[in-house]
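The structure file entry.pdb is reproduced below (PDB, C-alpha atoms).
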ATOM      1  CA  MET A 121      81.388  97.406  69.361
ATOM      2  CA  ALA A 122      81.226  95.222  72.487
ATOM      3  CA  ALA A 123      83.328  92.528  70.840
ATOM      4  CA  SER A 124      85.948  95.118  69.854
ATOM      5  CA  ALA A 125      86.068  96.474  73.404
ATOM      6  CA  VAL A 126      86.558  93.000  74.862
ATOM      7  CA  ALA A 127      89.269  92.228  72.305
ATOM      8  CA  PHE A 128      91.076  95.470  73.196
ATOM      9  CA  GLN A 129      90.894  94.699  76.924
ATOM     10  CA  LEU A 130      92.240  91.191  76.467
ATOM     11  CA  GLY A 131      94.995  92.466  74.199
ATOM     12  CA  ALA A 132      95.908  95.215  76.682
ATOM     13  CA  LEU A 133      96.160  92.737  79.552
ATOM     14  CA  ALA A 134      98.190  90.313  77.421
ATOM     15  CA  MET A 135     100.672  93.074  76.514
ATOM     16  CA  LEU A 136     100.887  94.126  80.162
ATOM     17  CA  LEU A 137     101.713  90.578  81.241
ATOM     18  CA  MET A 138     104.206  90.341  78.388
ATOM     19  CA  SER A 139     105.916  93.511  79.648
ATOM     20  CA  ARG A 140     106.996  91.653  82.793
ATOM     21  CA  LYS A 141     109.693  89.968  80.687
ATOM     22  CA  SER A 142     111.123  93.361  79.739
ATOM     23  CA  PRO A 143     113.453  95.323  82.027
ATOM     24  CA  PRO A 144     112.127  98.552  83.590
ATOM     25  CA  GLY A 145     112.175 101.369  81.081
ATOM     26  CA  ILE A 146     110.718 102.534  77.772
ATOM     27  CA  GLU A 147     109.949  99.071  76.363
ATOM     28  CA  ARG A 148     107.972  98.057  79.448
ATOM     29  CA  LEU A 149     106.112 101.404  79.378
ATOM     30  CA  PHE A 150     105.264 100.994  75.687
ATOM     31  CA  LEU A 151     103.814  97.533  76.294
ATOM     32  CA  SER A 152     101.839  98.859  79.266
ATOM     33  CA  LEU A 153     100.249 101.838  77.482
ATOM     34  CA  PRO A 154      97.148  99.939  76.234
ATOM     35  CA  ALA A 155      96.379  98.877  79.836
ATOM     36  CA  ILE A 156      96.713 102.495  81.001
ATOM     37  CA  VAL A 157      94.317 103.621  78.259
ATOM     38  CA  MET A 158      91.908 100.826  79.185
ATOM     39  CA  ASN A 159      91.901 101.990  82.821
ATOM     40  CA  LEU A 160      91.101 105.538  81.745
ATOM     41  CA  CYS A 161      87.907 104.313  80.078
ATOM     42  CA  ILE A 162      86.574 102.109  82.885
ATOM     43  CA  PRO A 163      84.835 104.798  85.040
ATOM     44  CA  SER A 164      82.688 105.842  82.063
ATOM     45  CA  LEU A 165      81.013 102.419  82.188
ATOM     46  CA  VAL A 166      78.999 103.667  85.187
ATOM     47  CA  GLY A 167      76.612 106.624  85.037
ATOM     48  CA  ARG A 168      77.022 109.673  87.288
ATOM     49  CA  GLU A 169      73.831 108.771  89.150
ATOM     50  CA  GLN A 170      75.757 105.821  90.640
ATOM     51  CA  VAL A 171      78.090 108.261  92.344
ATOM     52  CA  VAL A 172      79.697 105.836  94.819
ATOM     53  CA  ALA A 173      80.487 103.199  92.181
ATOM     54  CA  ARG A 174      81.785 105.831  89.753
ATOM     55  CA  ALA A 175      83.973 107.381  92.459
ATOM     56  CA  CYS A 176      85.400 103.963  93.395
ATOM     57  CA  LEU A 177      86.142 103.118  89.758
ATOM     58  CA  ALA A 178      87.683 106.540  89.123
ATOM     59  CA  GLY A 179      89.923 106.280  92.171
ATOM     60  CA  GLN A 180      90.949 102.713  91.459
ATOM     61  CA  TYR A 181      91.496 102.804  87.703
ATOM     62  CA  LEU A 182      92.162 106.425  86.723
ATOM     63  CA  TRP A 183      94.582 106.786  89.613
ATOM     64  CA  TRP A 184      95.714 103.854  91.744
ATOM     65  CA  SER A 185      95.859 101.125  89.118
ATOM     66  CA  ASN A 186      97.602 103.384  86.616
ATOM     67  CA  PHE A 187     100.066 104.563  89.256
ATOM     68  CA  LYS A 188     100.854 100.914  89.977
ATOM     69  CA  ILE A 189     101.565 100.391  86.271
ATOM     70  CA  ILE A 190     103.741 103.523  86.038
ATOM     71  CA  ALA A 191     105.687 102.466  89.130
ATOM     72  CA  PHE A 192     106.031  98.962  87.662
ATOM     73  CA  CYS A 193     107.492 100.429  84.468
ATOM     74  CA  CYS A 194     110.106 102.160  86.618
ATOM     75  CA  GLY A 195     110.904  99.004  88.591
ATOM     76  CA  ARG A 196     109.113 100.233  91.696
ATOM     77  CA  GLY A 197     105.934  99.609  93.658
ATOM     78  CA  PRO A 198     103.762  96.659  94.639
ATOM     79  CA  LEU A 199     103.674  94.996  91.195
ATOM     80  CA  VAL A 200     107.413  94.263  91.323
ATOM     81  CA  SER A 201     107.171  92.708  94.778
ATOM     82  CA  GLU A 202     107.712  89.042  95.509
ATOM     83  CA  GLN A 203     103.985  88.639  96.174
ATOM     84  CA  CYS A 204     103.161  89.558  92.547
ATOM     85  CA  ARG A 205     105.426  87.124  90.745
ATOM     86  CA  SER A 206     102.630  84.997  89.290
ATOM     87  CA  ALA A 207     100.392  86.368  86.535
ATOM     88  CA  GLY A 208      97.305  85.827  88.680
ATOM     89  CA  SER A 209      98.587  87.742  91.708
ATOM     90  CA  PHE A 210      99.981  90.453  89.420
ATOM     91  CA  LEU A 211      96.545  91.086  87.877
ATOM     92  CA  LEU A 212      94.788  90.739  91.227
ATOM     93  CA  TYR A 213      96.787  93.463  92.953
ATOM     94  CA  LEU A 214      96.592  95.615  89.846
ATOM     95  CA  THR A 215      92.802  95.660  90.025
ATOM     96  CA  ILE A 216      92.153  96.010  93.768
ATOM     97  CA  PRO A 217      92.771  99.011  96.063
ATOM     98  CA  ALA A 218      95.355  97.286  98.224
ATOM     99  CA  THR A 219      99.058  96.611  98.617
ATOM    100  CA  PRO A 220     100.208  93.012  99.186
ATOM    101  CA  ALA A 221     101.439  92.299 102.682
ATOM    102  CA  THR A 222     105.137  91.622 103.103
ATOM    103  CA  ARG A 223     106.704  88.899 105.200
ATOM    104  CA  ARG A 224     107.209  91.437 107.974
ATOM    105  CA  THR A 225     103.517  92.297 108.084
ATOM    106  CA  LYS A 226     101.683  90.759 110.991
ATOM    107  CA  ALA A 227      98.876  88.549 109.676
ATOM    108  CA  ARG A 228      95.386  89.640 110.709
ATOM    109  CA  SER A 229      92.943  86.977 111.807
ATOM    110  CA  LYS A 230      89.665  86.564 109.946
ATOM    111  CA  THR A 231      87.733  86.962 113.192
ATOM    112  CA  LYS A 232      89.239  90.364 113.932
ATOM    113  CA  LEU A 233      88.755  91.479 110.333
ATOM    114  CA  LEU A 234      85.122  90.403 110.412
ATOM    115  CA  LEU A 235      84.518  92.241 113.688
ATOM    116  CA  LYS A 236      86.147  95.393 112.308
ATOM    117  CA  LEU A 237      84.143  95.102 109.104
ATOM    118  CA  VAL A 238      80.869  94.785 111.025
ATOM    119  CA  ALA A 239      81.790  97.719 113.275
ATOM    120  CA  LYS A 240      82.771 100.005 110.383
ATOM    121  CA  THR A 241      79.666  99.041 108.404
ATOM    122  CA  GLY A 242      77.543  99.894 111.429
ATOM    123  CA  VAL A 243      79.216 103.276 111.879
ATOM    124  CA  LEU A 244      78.869 103.999 108.159
ATOM    125  CA  ALA A 245      75.178 103.119 108.252
ATOM    126  CA  LEU A 246      74.692 105.360 111.290
ATOM    127  CA  VAL A 247      76.483 108.305 109.678
ATOM    128  CA  VAL A 248      74.512 107.904 106.440
ATOM    129  CA  THR A 249      71.200 107.633 108.308
ATOM    130  CA  VAL A 250      71.869 110.840 110.220
ATOM    131  CA  LEU A 251      73.232 112.751 107.224
ATOM    132  CA  VAL A 252      70.165 111.902 105.128
ATOM    133  CA  ASP A 253      68.211 114.101 107.544
ATOM    134  CA  ASN A 254      70.824 116.826 107.372
ATOM    135  CA  HIS A 255      68.856 119.168 109.614
ATOM    136  CA  PHE A 256      70.522 117.235 112.445
ATOM    137  CA  PHE A 257      73.840 118.693 111.325
ATOM    138  CA  GLU A 258      73.159 122.368 110.771
ATOM    139  CA  ASN A 259      76.588 123.128 112.210
ATOM    140  CA  ARG A 260      79.048 122.979 109.309
ATOM    141  CA  TRP A 261      81.952 121.789 111.466
ATOM    142  CA  VAL A 262      79.994 118.902 112.945
ATOM    143  CA  ASN A 263      78.844 118.020 109.441
ATOM    144  CA  ASN A 264      82.458 118.001 108.205
ATOM    145  CA  ILE A 265      83.517 115.658 111.007
ATOM    146  CA  ALA A 266      80.607 113.328 110.221
ATOM    147  CA  GLU A 267      81.557 113.252 106.525
ATOM    148  CA  ALA A 268      85.214 112.585 107.384
ATOM    149  CA  VAL A 269      84.183 109.658 109.593
ATOM    150  CA  GLY A 270      81.888 108.430 106.821
ATOM    151  CA  LEU A 271      84.738 108.552 104.291
ATOM    152  CA  TYR A 272      87.037 106.681 106.676
ATOM    153  CA  THR A 273      84.489 103.948 107.355
ATOM    154  CA  LEU A 274      83.551 103.599 103.665
ATOM    155  CA  LEU A 275      87.187 103.103 102.667
ATOM    156  CA  GLY A 276      87.689 100.887 105.714
ATOM    157  CA  VAL A 277      84.807  98.614 104.705
ATOM    158  CA  VAL A 278      86.476  98.090 101.327
ATOM    159  CA  GLU A 279      89.894  97.486 102.929
ATOM    160  CA  ASP A 280      88.635  94.965 105.507
ATOM    161  CA  SER A 281      86.399  93.071 103.074
ATOM    162  CA  LEU A 282      89.171  92.285 100.560
ATOM    163  CA  PRO A 283      91.128  89.821 102.765
ATOM    164  CA  LEU A 284      87.881  88.114 103.779
ATOM    165  CA  ILE A 285      86.495  87.768 100.257
ATOM    166  CA  LEU A 286      89.748  86.999  98.417
ATOM    167  CA  GLY A 287      91.588  85.147 101.172
ATOM    168  CA  ILE A 288      94.685  87.352 100.953
ATOM    169  CA  GLN A 289      96.780  89.417 103.337
ATOM    170  CA  VAL A 290      97.187  93.111 102.529
ATOM    171  CA  GLU A 291      98.918  96.065 104.143
ATOM    172  CA  ARG A 292      96.765  98.248 106.365
ATOM    173  CA  SER A 293      95.745 101.503 104.708
ATOM    174  CA  PHE A 294      94.459 103.220 107.847
ATOM    175  CA  ASN A 295      96.220 103.215 111.181
ATOM    176  CA  TRP A 296      94.237 105.055 113.870
ATOM    177  CA  PHE A 297      94.363 108.399 112.045
ATOM    178  CA  PHE A 298      92.976 110.244 115.071
ATOM    179  CA  ARG A 299      96.269 109.529 116.876
ATOM    180  CA  SER A 300      98.278 111.628 114.409
ATOM    181  CA  ALA A 301     100.710 113.869 116.274
ATOM    182  CA  SER A 302     101.804 115.737 113.138
ATOM    183  CA  LEU A 303     100.705 116.423 109.579
ATOM    184  CA  ALA A 304     103.591 114.301 108.254
ATOM    185  CA  GLU A 305     102.490 111.387 110.428
ATOM    186  CA  PHE A 306      98.879 111.751 109.283
ATOM    187  CA  TRP A 307      99.591 111.836 105.550
ATOM    188  CA  SER A 308     102.492 109.388 105.341
ATOM    189  CA  PHE A 309     101.606 106.794 107.955
ATOM    190  CA  ARG A 310      98.054 106.904 109.272
ATOM    191  CA  TRP A 311      95.718 108.015 106.446
ATOM    192  CA  ASN A 312      95.321 105.840 103.338
ATOM    193  CA  HIS A 313      98.817 104.410 103.395
ATOM    194  CA  HIS A 314      98.074 102.479 100.190
ATOM    195  CA  VAL A 315      97.750 105.714  98.202
ATOM    196  CA  ALA A 316     100.644 107.348 100.058
ATOM    197  CA  GLY A 317     102.824 104.426  99.004
ATOM    198  CA  LEU A 318     101.872 104.810  95.337
ATOM    199  CA  LEU A 319     102.633 108.537  95.428
ATOM    200  CA  LYS A 320     105.967 107.724  97.008
ATOM    201  CA  ASN A 321     106.747 105.170  94.254
ATOM    202  CA  VAL A 322     105.749 107.409  91.336
ATOM    203  CA  VAL A 323     106.671 110.922  92.508
ATOM    204  CA  TYR A 324     108.716 111.119  95.704
ATOM    205  CA  GLU A 325     111.340 108.407  95.107
ATOM    206  CA  PRO A 326     112.222 109.393  91.498
ATOM    207  CA  ILE A 327     112.833 112.999  92.602
ATOM    208  CA  VAL A 328     114.825 112.078  95.716
ATOM    209  CA  GLN A 329     116.895 109.488  93.837
ATOM    210  CA  GLY A 330     117.228 111.646  90.721
ATOM    211  CA  SER A 331     116.099 108.775  88.496
ATOM    212  CA  PHE A 332     112.770 107.559  87.109
ATOM    213  CA  LEU A 333     114.080 104.005  87.199
ATOM    214  CA  ALA A 334     114.605 102.354  90.570
ATOM    215  CA  VAL A 335     118.107 102.859  91.892
ATOM    216  CA  ASN A 336     120.049 100.050  93.544
ATOM    217  CA  SER A 337     120.012 100.623  97.293
ATOM    218  CA  THR A 338     123.810 100.490  97.422
ATOM    219  CA  LYS A 339     123.965 103.415  94.990
ATOM    220  CA  THR A 340     121.320 105.515  96.731
ATOM    221  CA  LEU A 341     122.507 108.542  98.679
ATOM    222  CA  ARG A 342     122.256 107.947 102.386
ATOM    223  CA  LYS A 343     120.738 111.373 102.914
ATOM    224  CA  PRO A 344     119.598 113.270  99.803
ATOM    225  CA  PRO A 345     120.061 117.064  99.772
ATOM    226  CA  MET A 346     117.414 119.007 101.701
ATOM    227  CA  THR A 347     116.368 120.906  98.568
ATOM    228  CA  ARG A 348     115.665 117.655  96.745
ATOM    229  CA  ARG A 349     113.595 116.274  99.638
ATOM    230  CA  VAL A 350     111.597 119.500  99.919
ATOM    231  CA  LEU A 351     110.939 119.468  96.173
ATOM    232  CA  ALA A 352     109.891 115.814  96.367
ATOM    233  CA  ILE A 353     107.404 116.529  99.166
ATOM    234  CA  ALA A 354     105.945 119.516  97.307
ATOM    235  CA  MET A 355     105.593 117.617  94.025
ATOM    236  CA  THR A 356     104.086 114.584  95.774
ATOM    237  CA  PHE A 357     101.311 116.652  97.323
ATOM    238  CA  LEU A 358     100.768 118.531  94.046
ATOM    239  CA  ALA A 359     100.373 115.206  92.214
ATOM    240  CA  SER A 360      97.941 114.038  94.889
ATOM    241  CA  GLY A 361      95.897 117.205  94.434
ATOM    242  CA  ILE A 362      95.802 116.831  90.654
ATOM    243  CA  MET A 363      94.672 113.209  90.869
ATOM    244  CA  HIS A 364      92.029 114.010  93.496
ATOM    245  CA  GLU A 365      90.752 116.777  91.221
ATOM    246  CA  ILE A 366      90.592 114.402  88.248
ATOM    247  CA  VAL A 367      88.554 111.945  90.316
ATOM    248  CA  LEU A 368      86.251 114.761  91.477
ATOM    249  CA  GLY A 369      85.787 115.954  87.888
ATOM    250  CA  THR A 370      85.056 112.419  86.679
ATOM    251  CA  VAL A 371      82.387 111.966  89.354
ATOM    252  CA  THR A 372      80.722 115.397  89.228
ATOM    253  CA  GLY A 373      81.619 116.708  85.772
ATOM    254  CA  THR A 374      83.034 119.828  87.462
ATOM    255  CA  VAL A 375      86.640 120.866  88.054
ATOM    256  CA  THR A 376      87.013 123.477  90.797
ATOM    257  CA  GLY A 377      90.757 123.505  91.437
ATOM    258  CA  SER A 378      90.062 123.516  95.173
ATOM    259  CA  TRP A 379      91.318 119.991  95.807
ATOM    260  CA  VAL A 380      94.553 120.804  93.963
ATOM    261  CA  ALA A 381      94.925 123.816  96.257
ATOM    262  CA  PHE A 382      94.116 121.807  99.383
ATOM    263  CA  PHE A 383      96.684 119.064  98.831
ATOM    264  CA  THR A 384      99.347 121.409  97.459
ATOM    265  CA  LEU A 385      99.016 123.563 100.566
ATOM    266  CA  GLN A 386      99.196 120.470 102.777
ATOM    267  CA  GLY A 387     102.609 119.754 101.286
ATOM    268  CA  PHE A 388     103.678 123.309 102.091
ATOM    269  CA  TYR A 389     102.387 122.918 105.643
ATOM    270  CA  VAL A 390     104.241 119.611 106.087
ATOM    271  CA  ILE A 391     107.497 121.283 105.044
ATOM    272  CA  LEU A 392     106.924 124.196 107.434
ATOM    273  CA  GLU A 393     105.975 121.795 110.219
ATOM    274  CA  ARG A 394     109.181 119.806 109.746
ATOM    275  CA  GLY A 395     111.251 122.977 109.997
ATOM    276  CA  LEU A 396     109.392 124.141 113.102
ATOM    277  CA  LEU A 397     109.682 120.786 114.891
ATOM    278  CA  ASP A 398     113.394 120.539 114.045
ATOM    279  CA  ALA A 399     113.950 124.056 115.419
ATOM    280  CA  LEU A 400     112.111 123.218 118.642
ATOM    281  CA  LYS A 401     114.009 119.932 118.996
ATOM    282  CA  ALA A 402     117.334 121.751 118.596
ATOM    283  CA  ARG A 403     116.333 123.861 121.599
ATOM    284  CA  GLY A 404     115.404 120.808 123.617
ATOM    285  CA  ILE A 405     111.658 121.340 123.260
ATOM    286  CA  LEU A 406     109.502 118.301 122.489
ATOM    287  CA  VAL A 407     105.799 118.911 121.936
ATOM    288  CA  PRO A 408     103.737 116.426 123.998
ATOM    289  CA  LYS A 409     101.211 114.311 122.112
ATOM    290  CA  LEU A 410      98.508 115.549 124.472
ATOM    291  CA  LEU A 411      98.922 118.875 122.693
ATOM    292  CA  SER A 412     100.176 117.903 119.222
ATOM    293  CA  ILE A 413      97.341 115.445 118.432
ATOM    294  CA  PRO A 414      94.408 117.885 118.950
ATOM    295  CA  VAL A 415      96.365 120.674 117.237
ATOM    296  CA  THR A 416      97.044 118.447 114.208
ATOM    297  CA  LEU A 417      93.445 117.256 113.856
ATOM    298  CA  THR A 418      92.037 120.757 114.360
ATOM    299  CA  PHE A 419      94.434 122.180 111.771
ATOM    300  CA  LEU A 420      93.363 119.543 109.256
ATOM    301  CA  LEU A 421      89.666 120.315 109.813
ATOM    302  CA  VAL A 422      90.164 124.077 109.567
ATOM    303  CA  THR A 423      92.243 123.928 106.373
ATOM    304  CA  ALA A 424      89.905 121.348 104.841
ATOM    305  CA  GLU A 425      86.844 123.537 105.358
ATOM    306  CA  VAL A 426      87.643 125.972 102.552
ATOM    307  CA  HIS A 427      89.409 123.830  99.961
ATOM    308  CA  PHE A 428      88.133 120.299 100.576
ATOM    309  CA  PHE A 429      84.600 120.366 101.978
ATOM    310  CA  GLU A 430      83.433 123.546 100.241
ATOM    311  CA  PRO A 431      83.674 122.106  96.674
ATOM    312  CA  VAL A 432      81.974 118.948  97.936
ATOM    313  CA  ARG A 433      79.019 121.072  99.046
ATOM    314  CA  ALA A 434      79.150 123.345  95.975
ATOM    315  CA  THR A 435      78.858 120.364  93.601
ATOM    316  CA  ALA A 436      76.282 118.660  95.870
ATOM    317  CA  LEU A 437      78.577 115.645  95.946
ATOM    318  CA  ASP A 438      77.955 115.155  99.667
ATOM    319  CA  LYS A 439      74.188 114.797  99.192
ATOM    320  CA  ALA A 440      74.615 112.561  96.147
ATOM    321  CA  VAL A 441      76.971 110.195  98.001
ATOM    322  CA  VAL A 442      74.772 110.062 101.106
ATOM    323  CA  ASN A 443      71.625 109.376  99.094
ATOM    324  CA  ASN A 444      73.373 106.741  96.967
ATOM    325  CA  LEU A 445      74.783 104.995 100.055
ATOM    326  CA  ASN A 446      71.398 105.198 101.761
ATOM    327  CA  SER A 447      69.736 103.465  98.815
ATOM    328  CA  ILE A 448      72.440 100.762  98.805
ATOM    329  CA  LEU A 449      72.197 100.135 102.553
ATOM    330  CA  ASN A 450      68.389  99.956 102.435
ATOM    331  CA  LYS A 451      68.265  97.340  99.665
TER
END

As structure tokens, please, write out the structure in this file.
Amino acid sequence: MAASAVAFQLGALAMLLMSRKSPPGIERLFLSLPAIVMNLCIPSLVGREQVVARACLAGQYLWWSNFKIIAFCCGRGPLVSEQCRSAGSFLLYLTIPATPATRRTKARSKTKLLLKLVAKTGVLALVVTVLVDNHFFENRWVNNIAEAVGLYTLLGVVEDSLPLILGIQVERSFNWFFRSASLAEFWSFRWNHHVAGLLKNVVYEPIVQGSFLAVNSTKTLRKPPMTRRVLAIAMTFLASGIMHEIVLGTVTGTVTGSWVAFFTLQGFYVILERGLLDALKARGILVPKLLSIPVTLTFLLVTAEVHFFEPVRATALDKAVVNNLNSILNK
């Protein structure tokens, strides 16, 4: 059985590399299907008691890696970039939660990365230590903020460690999210930009351009119709919700539908926000960041309470993650 599994994996990777010689389209997708199937099986290699590892594998392989392959089959995304021309770099960026840095990306020094990594690890350890004794956080709102900070630092530790360990330059996934002056800015620019980029490649761009395959920039409409852009935003957030729900179900064995609702509604809110801000701008009213930043962050916390944090508590995922991280940090 083990030998058969290894043979399938090697064959799947060989076919995926072979697909690079095919133009974007059905043939490339057909050759990539075994790799997609292989990714779907990877999270099951880890038991549910290892909740952090299973969540990382589910996010990376069920979602991000497969979205990279789908985008690649359409001639889009990081795997068709100049940085992924060699077979080695192609496979590397397929299997890690990062987007290769472009020539325009400012290189980050190893010293700064190391300092950020140490700082985020320290904050993560502090959050985990306090959350283990959850009587410190009897207030649900304070608890939600602590868990959000913990999620940010956990993902940040992974992001900052990759360039140090692998000696590569990657795009930043997080960009001072607490400075977000709007929901659109938060979701598209400041929070997990790596995932936002994949959703853009696989969902948003094909809808806006009206083509699954990448369209030559000279043939792309300068400004797509408003209805198409609104549909693209709505479908992008719906896809995000579905994939978050799949990851949650893989980790906990329970599908609640709440994360689908949360992200779908966020798309609706982004559309409404854009209309409101455009209407205010037309009247010469610009909302100062001193007001827009706290309003944005408060709105995110309030809307997340029901549809994001509630299923986390209902499935006891929060306690499982905290206890698992605590055991890892104390080894």

Which residues would end up in the selection if the PyMOL selection byres ((chain A and resi 275) around 12) were applied here, given that I need the answer as an MDAnalysis selection string? chainID A and resid 172 175:176 179:180 217:218 237 240:241 244 268:274 276:282 292:294 311:315

Applied to the shown file, which residues does the PyMOL selection byres ((chain A and resi 198) around 9) return, written as a ChimeraX atom specification? /A:188,191-192,196-197,199-204,210,213-214,219-220,317-318

Taking only C-alpha atoms into account, name the residue in A:Ala304, A:Val367, A:Ile327, A:Leu449 that is nearest to A:Ile391.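 Answer, going by the shortest atom-to-atom distance: A:Ala304.
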
Got a sec: who's within 12 Å of A:Ile265, counting all atoms listed in the file, leaving out chain neighbours fewer than 5 positions off, as a list of chain:residue names? A:Val247, A:Leu251, A:Phe257, A:Asn259, A:Arg260, A:Gly270, A:Leu271, A:Tyr272, A:Phe298, A:Leu417, A:Thr418, A:Leu420, A:Leu421, A:Val422, A:Ala424, A:Glu425, A:Phe429

Residues within 8 Å of stretch 340-355 of chain A, please, as an mmCIF file with C-alpha atoms, in the coordinates of the input. Count only C-alpha atoms; anything in the same chain fewer than 2 positions from it doesn't count.
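Final file, result-v1.cif:
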data_model
loop_
_atom_site.group_PDB
_atom_site.id
_atom_site.type_symbol
_atom_site.label_atom_id
_atom_site.label_comp_id
_atom_site.auth_asym_id
_atom_site.auth_seq_id
_atom_site.Cartn_x
_atom_site.Cartn_y
_atom_site.Cartn_z
ATOM 1 C CA VAL A 323 106.671 110.922 92.508
ATOM 2 C CA TYR A 324 108.716 111.119 95.704
ATOM 3 C CA GLU A 325 111.340 108.407 95.107
ATOM 4 C CA ILE A 327 112.833 112.999 92.602
ATOM 5 C CA VAL A 328 114.825 112.078 95.716
ATOM 6 C CA GLN A 329 116.895 109.488 93.837
ATOM 7 C CA VAL A 335 118.107 102.859 91.892
ATOM 8 C CA ASN A 336 120.049 100.050 93.544
ATOM 9 C CA SER A 337 120.012 100.623 97.293
ATOM 10 C CA THR A 338 123.810 100.490 97.422
ATOM 11 C CA PHE A 357 101.311 116.652 97.323
ATOM 12 C CA LEU A 358 100.768 118.531 94.046
ATOM 13 C CA ALA A 359 100.373 115.206 92.214
ATOM 14 C CA THR A 384 99.347 121.409 97.459
ATOM 15 C CA GLY A 387 102.609 119.754 101.286
ATOM 16 C CA PHE A 388 103.678 123.309 102.091
ATOM 17 C CA ILE A 391 107.497 121.283 105.044
#

Between atom CA of A:Met135 and atom CA of A:Cys161, what distance in Å does the model show, to one decimal?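 Computing the Euclidean distance for atom CA of A:Met135 and atom CA of A:Cys161 yields 17.4 Å.
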
Rounded to one decimal place, report the atom CA of A:Glu365-atom CA of A:Asn446 distance in Å.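 Atom CA of A:Asn446 lies at a distance of 24.9 Å from atom CA of A:Glu365.
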
Could you state the separation of atom CA of A:Gln386 and atom CA of A:Leu333 in Å, given to one decimal place?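 So the answer is 27.1 Å.
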
Kindly indicate which residue among A:Ala207, A:Gly242, A:Val252, A:Thr231 lies nearest to A:Leu445, using all atoms listed in the file for the distances.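 Closest to A:Leu445, using all atoms listed in the file: A:Val252.
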
For A:Phe150, work out the shell of residues within 10 Å, counting all atoms listed in the file and skipping chain neighbours fewer than 5 positions away, then give it as a PyMOL selection string. chain A and resi 135-136+139+145+193

Any chance you can output those residues with C-alpha atoms as an mmCIF file, in the frame of the given file?
data_model
loop_
_atom_site.group_PDB
_atom_site.id
_atom_site.type_symbol
_atom_site.label_atom_id
_atom_site.label_comp_id
_atom_site.auth_asym_id
_atom_site.auth_seq_id
_atom_site.Cartn_x
_atom_site.Cartn_y
_atom_site.Cartn_z
ATOM 1 C CA MET A 135 100.672 93.074 76.514
ATOM 2 C CA LEU A 136 100.887 94.126 80.162
ATOM 3 C CA SER A 139 105.916 93.511 79.648
ATOM 4 C CA GLY A 145 112.175 101.369 81.081
ATOM 5 C CA CYS A 193 107.492 100.429 84.468
#

Would you kindly identify which residues have an atom no farther than 8 Å from (95.5, 109.1, 111.0), using all atoms listed in the file and the file's own coordinates, and write them out as a ChimeraX atom specification? /A:294-300,305-307,309-311

Protein and nucleic acid residues near (75.9, 109.3, 87.5) (cut-off 12 Å, all atoms listed in the file) as a ChimeraX atom specification: /A:163-175,369-373,437,440-441,444

Residue with smallest distance to A:Val390 - pool A:Leu149, A:Val432, A:Thr416, A:Val407, counting only C-alpha atoms: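 Distance minimum relative to A:Val390 lands on A:Thr416.
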
I'd like the contact shell of A:Lys226 - 10 Å cut-off, only C-alpha atoms, skipping same-chain residues fewer than 6 positions apart - returned as JSON, numbers by chain. {"A": [289, 290, 291]}

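With distances taken over all atoms listed in the file, A:Ile288 is the one residue among A:Val415, A:Ile288, A:Leu153, A:Leu397 lying closest to A:Lys230.
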
Using the atoms already present, construct N, CA and C atoms for stretch 277-287 of chain A and hand them back as a JSON list (two decimals), in the coordinates of the input.
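File produced: rebuild-v4.json:
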[["chain", "number", "residue", "atom", "x", "y", "z"],
["A", 277, "VAL", "N", 85.63, 99.78, 105.06],
["A", 277, "VAL", "CA", 84.81, 98.61, 104.70],
["A", 277, "VAL", "C", 85.41, 97.90, 103.50],
["A", 278, "VAL", "N", 85.85, 98.68, 102.51],
["A", 278, "VAL", "CA", 86.48, 98.09, 101.33],
["A", 278, "VAL", "C", 87.77, 97.39, 101.71],
["A", 279, "GLU", "N", 88.60, 98.05, 102.54],
["A", 279, "GLU", "CA", 89.89, 97.49, 102.93],
["A", 279, "GLU", "C", 89.73, 96.19, 103.70],
["A", 280, "ASP", "N", 88.79, 96.15, 104.66],
["A", 280, "ASP", "CA", 88.64, 94.96, 105.51],
["A", 280, "ASP", "C", 87.93, 93.82, 104.79],
["A", 281, "SER", "N", 87.13, 94.13, 103.77],
["A", 281, "SER", "CA", 86.40, 93.07, 103.07],
["A", 281, "SER", "C", 87.28, 92.30, 102.10],
["A", 282, "LEU", "N", 88.32, 92.95, 101.56],
["A", 282, "LEU", "CA", 89.17, 92.28, 100.56],
["A", 282, "LEU", "C", 89.84, 91.01, 101.09],
["A", 283, "PRO", "N", 90.50, 91.06, 102.26],
["A", 283, "PRO", "CA", 91.13, 89.82, 102.76],
["A", 283, "PRO", "C", 90.11, 88.72, 103.03],
["A", 284, "LEU", "N", 88.91, 89.11, 103.47],
["A", 284, "LEU", "CA", 87.88, 88.11, 103.78],
["A", 284, "LEU", "C", 87.34, 87.46, 102.50],
["A", 285, "ILE", "N", 87.08, 88.27, 101.50],
["A", 285, "ILE", "CA", 86.50, 87.77, 100.26],
["A", 285, "ILE", "C", 87.52, 87.01, 99.42],
["A", 286, "LEU", "N", 88.73, 87.56, 99.31],
["A", 286, "LEU", "CA", 89.75, 87.00, 98.42],
["A", 286, "LEU", "C", 90.71, 86.06, 99.12],
["A", 287, "GLY", "N", 90.69, 86.02, 100.45],
["A", 287, "GLY", "CA", 91.59, 85.15, 101.17],
["A", 287, "GLY", "C", 93.04, 85.55, 101.07]]
